[in-house]
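As stored in data-v3.csv (CSV, C-alpha atoms):
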chain,number,residue,atom,x,y,z
A,1,MET,CA,115.0,85.3,131.9
A,2,ALA,CA,117.9,83.3,130.6
A,3,ASP,CA,118.1,81.2,133.8
A,4,SER,CA,115.4,78.8,132.6
A,5,PRO,CA,116.4,76.3,129.9
A,6,LEU,CA,113.0,76.7,128.3
A,7,VAL,CA,113.2,80.5,127.8
A,8,MET,CA,115.0,81.7,124.7
A,9,ALA,CA,116.6,85.1,124.4
A,10,PRO,CA,114.4,87.4,122.3
A,11,HIS,CA,116.9,87.9,119.5
A,12,TRP,CA,117.0,84.1,119.0
A,13,LEU,CA,113.2,84.0,118.8
A,14,TRP,CA,113.2,86.7,116.1
A,15,LEU,CA,116.0,85.0,114.2
A,16,SER,CA,114.2,81.7,114.4
A,17,LEU,CA,110.9,83.2,113.3
A,18,GLY,CA,112.7,84.8,110.3
A,19,VAL,CA,114.3,81.6,109.2
A,20,LEU,CA,111.0,79.7,109.7
A,21,LEU,CA,109.1,82.2,107.5
A,22,VAL,CA,111.8,82.0,104.8
A,23,ALA,CA,111.7,78.2,104.9
A,24,ILE,CA,107.9,78.2,104.6
A,25,GLU,CA,108.2,80.5,101.6
A,26,ILE,CA,110.5,78.0,100.0
A,27,LEU,CA,108.0,75.1,100.7
A,28,VAL,CA,104.9,77.1,99.8
A,29,PRO,CA,105.9,79.9,97.4
A,30,GLY,CA,103.7,83.0,97.5
A,31,PHE,CA,106.5,85.6,97.4
A,32,PHE,CA,105.3,87.3,100.6
A,33,LEU,CA,106.6,85.4,103.6
A,34,ILE,CA,110.2,85.9,102.5
A,35,TRP,CA,109.9,89.6,103.1
A,36,LEU,CA,108.3,89.1,106.6
A,37,GLY,CA,111.1,86.6,107.3
A,38,THR,CA,113.7,89.2,106.3
A,39,ALA,CA,112.0,91.8,108.6
A,40,ALA,CA,112.1,89.3,111.5
A,41,ILE,CA,115.8,88.5,110.9
A,42,ILE,CA,116.6,92.2,110.8
A,43,THR,CA,114.6,92.7,114.0
A,44,GLY,CA,116.5,89.8,115.6
A,45,ALA,CA,119.8,91.3,114.7
A,46,LEU,CA,118.9,94.7,116.0
A,47,VAL,CA,117.5,93.2,119.3
A,48,TRP,CA,120.7,91.3,119.7
A,49,VAL,CA,122.7,94.6,119.5
A,50,LEU,CA,120.1,96.9,121.2
A,51,PRO,CA,118.1,95.2,124.0
A,52,LEU,CA,114.5,96.5,123.5
A,53,ALA,CA,111.3,95.8,125.4
A,54,ILE,CA,108.8,93.4,123.8
A,55,PRO,CA,106.4,96.2,122.7
A,56,ALA,CA,109.3,98.0,121.0
A,57,GLN,CA,110.4,94.8,119.3
A,58,LEU,CA,106.9,94.3,118.0
A,59,GLY,CA,106.7,97.9,116.8
A,60,LEU,CA,110.2,97.6,115.2
A,61,PHE,CA,109.1,94.4,113.4
A,62,ALA,CA,105.9,96.0,112.1
A,63,VAL,CA,107.8,99.1,110.8
A,64,LEU,CA,110.5,96.9,109.2
A,65,SER,CA,107.8,94.6,107.7
A,66,PHE,CA,106.2,97.6,106.0
A,67,ILE,CA,109.5,99.0,104.8
A,68,VAL,CA,110.8,95.7,103.4
A,69,LEU,CA,107.4,94.9,101.7
A,70,TYR,CA,107.1,98.4,100.3
A,71,GLY,CA,110.7,98.4,99.1
A,72,ALA,CA,110.5,95.0,97.6
A,73,ARG,CA,107.3,95.8,95.8
A,74,HIS,CA,108.8,98.9,94.2
A,75,TRP,CA,112.1,97.3,93.4
A,76,LEU,CA,110.3,94.4,91.7
A,77,ARG,CA,108.0,96.7,89.8
A,78,ASP,CA,111.1,98.7,88.5
A,79,ASN,CA,113.1,95.5,87.9
A,80,PRO,CA,110.7,92.8,86.7
A,81,ILE,CA,111.9,89.2,86.5
A,82,ASN,CA,112.0,88.2,82.8
A,83,SER,CA,111.7,84.6,82.0
A,84,SER,CA,113.7,82.9,79.2
A,85,ASP,CA,110.6,80.9,78.5
A,86,PRO,CA,107.5,83.1,79.1
A,87,HIS,CA,105.1,80.3,77.9
A,88,LEU,CA,106.5,77.7,80.3
A,89,ASN,CA,103.2,77.0,82.0
A,90,GLN,CA,101.0,77.8,79.0
A,91,ARG,CA,101.0,74.8,76.8
A,92,ALA,CA,98.7,76.3,74.2
A,93,GLY,CA,100.9,79.4,74.0
A,94,ARG,CA,103.9,77.2,73.3
A,95,LEU,CA,102.3,75.8,70.3
A,96,VAL,CA,102.1,79.1,68.4
A,97,GLY,CA,104.1,78.7,65.2
A,98,GLU,CA,103.9,74.9,65.2
A,99,ILE,CA,102.6,73.0,62.1
A,100,LEU,CA,99.8,70.6,62.8
A,101,THR,CA,97.8,68.0,60.9
A,102,VAL,CA,94.0,68.5,60.7
A,103,THR,CA,92.3,65.3,62.0
A,104,LYS,CA,88.7,66.5,61.8
A,105,ALA,CA,88.0,68.9,58.9
A,106,ILE,CA,87.7,72.5,59.8
A,107,GLU,CA,84.2,73.4,58.8
A,108,ASP,CA,82.4,76.7,59.6
A,109,GLY,CA,85.6,77.7,61.4
A,110,ARG,CA,85.8,74.7,63.8
A,111,GLY,CA,87.7,71.5,63.7
A,112,ARG,CA,90.4,69.4,65.4
A,113,ALA,CA,94.1,68.9,64.8
A,114,LYS,CA,96.8,66.4,66.0
A,115,VAL,CA,99.0,67.8,68.8
A,116,GLY,CA,101.6,65.3,70.0
A,117,ASP,CA,99.6,62.1,70.7
A,118,GLY,CA,96.3,63.9,71.2
A,119,GLU,CA,93.9,66.2,69.5
A,120,TRP,CA,93.1,69.8,70.2
A,121,PRO,CA,90.2,72.0,69.0
A,122,VAL,CA,91.1,74.5,66.4
A,123,CYS,CA,89.4,77.4,64.7
A,124,GLY,CA,90.3,79.1,61.4
A,125,PRO,CA,89.6,78.9,57.7
A,126,ASP,CA,88.0,75.7,56.4
A,127,ALA,CA,90.5,72.9,55.7
A,128,ALA,CA,90.2,69.3,54.8
A,129,ALA,CA,91.3,66.5,57.1
A,130,GLY,CA,94.9,65.7,56.6
A,131,SER,CA,95.9,69.2,55.6
A,132,LYS,CA,98.6,71.1,57.3
A,133,VAL,CA,97.9,74.2,59.4
A,134,ARG,CA,100.1,76.6,61.4
A,135,VAL,CA,99.1,77.7,64.9
A,136,VAL,CA,98.8,81.5,65.0
A,137,THR,CA,97.0,82.1,68.3
A,138,ALA,CA,96.0,80.3,71.4
A,139,ASP,CA,92.9,81.2,73.4
A,140,GLY,CA,92.5,78.9,76.4
A,141,GLY,CA,92.4,75.4,74.9
A,142,VAL,CA,91.4,76.4,71.4
A,143,LEU,CA,94.1,77.0,68.8
A,144,GLY,CA,93.7,79.6,66.1
A,145,VAL,CA,95.2,78.3,62.8
A,146,GLU,CA,95.9,79.3,59.2
A,147,PRO,CA,96.8,77.2,56.2
A,148,ALA,CA,100.5,76.2,56.3

Conversion result in structure tokens:
Amino acid sequence: MADSPLVMAPHWLWLSLGVLLVAIEILVPGFFLIWLGTAAIITGALVWVLPLAIPAQLGLFAVLSFIVLYGARHWLRDNPINSSDPHLNQRAGRLVGEILTVTKAIEDGRGRAKVGDGEWPVCGPDAAAGSKVRVVTADGGVLGVEPA
């Protein structure tokens, strides 16, 4: 098998597959392929030490994939990743607590306020244009406000 320059030893195939899966996870994050890559790397290391037939290698990979995925899922459930900025990708959520200037009077609970260099729709108690309001909630792209 190793006589031909085009044939690779099975452990190198598993190790290469593992590294490839981990690299794909880095390029296209989904938090799934890294665990399959880990299982492939472990399979490659075990096949390097214990020469196994191809069906046994595939079975080992399947069992290790299940174990690694199951273990990672439970570990991450018990040890969640807490962000220092939980509203990082929620622009409206980041505005809670901010003081804004009403640009279109809030009438019947609806109006607009200046946010940065633009305007956002707001809802809350009636307020005249030019008055200051504080953002108290964010629901999608609509900010809930109260008088500041």

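Closest approach to Gly93 (chain A) among A:Ile34, A:Ala138, A:Ala105, A:Leu21 is made by A:Ala138 (distances from all atoms listed in the file).
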
Need to verify the contact set: region 57-63 of chain A, 12 Å, all atoms listed in the file, exclusion of same-chain residues closer than 2 positions in sequence. Can you return it as a ChimeraX atom specification? /A:10-11,13-15,17-18,35-48,50-55,65-70

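With distances taken over all atoms listed in the file, A:Gly124 is the one residue among A:Leu33, A:Ser131, A:Asn89, A:Gly124 lying closest to Glu146 (chain A).
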
At a cut-off of 10 Å, using all atoms listed in the file, what residues contact Leu143 (chain A)? Leave out same-chain residues fewer than 5 positions from it and give the result as JSON, numbers by chain. {"A": [92, 93, 95, 96, 110, 111, 112, 113, 120, 121, 122, 123, 124, 134, 135, 136, 137, 138]}

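Of the listed residues (A:Ala148, A:Ala9, A:Ala72, A:Val142), A:Ala72 comes nearest to Phe31 (chain A); the distances count only C-alpha atoms.
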
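In terms of minimum interatomic distance to Arg91 (chain A), A:Gly141 ranks closest within A:Ala129, A:Gly118, A:Asp108, A:Gly141, counting all atoms listed in the file.
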
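Interatomic distance, CA of Leu64 (chain A) to CA of Asn82 (chain A): 27.8 Å.
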
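Among the candidate residues A:Asp85, A:Glu98, A:Asp78, A:Glu25, the one lying nearest to Lys132 (chain A) is A:Glu98, with distances computed using only C-alpha atoms.
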
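Candidate residues A:Gln90, A:Val145, A:Arg77, A:Ser83 were compared for distance to Ile106 (chain A), and the nearest is A:Val145, using only C-alpha atoms.
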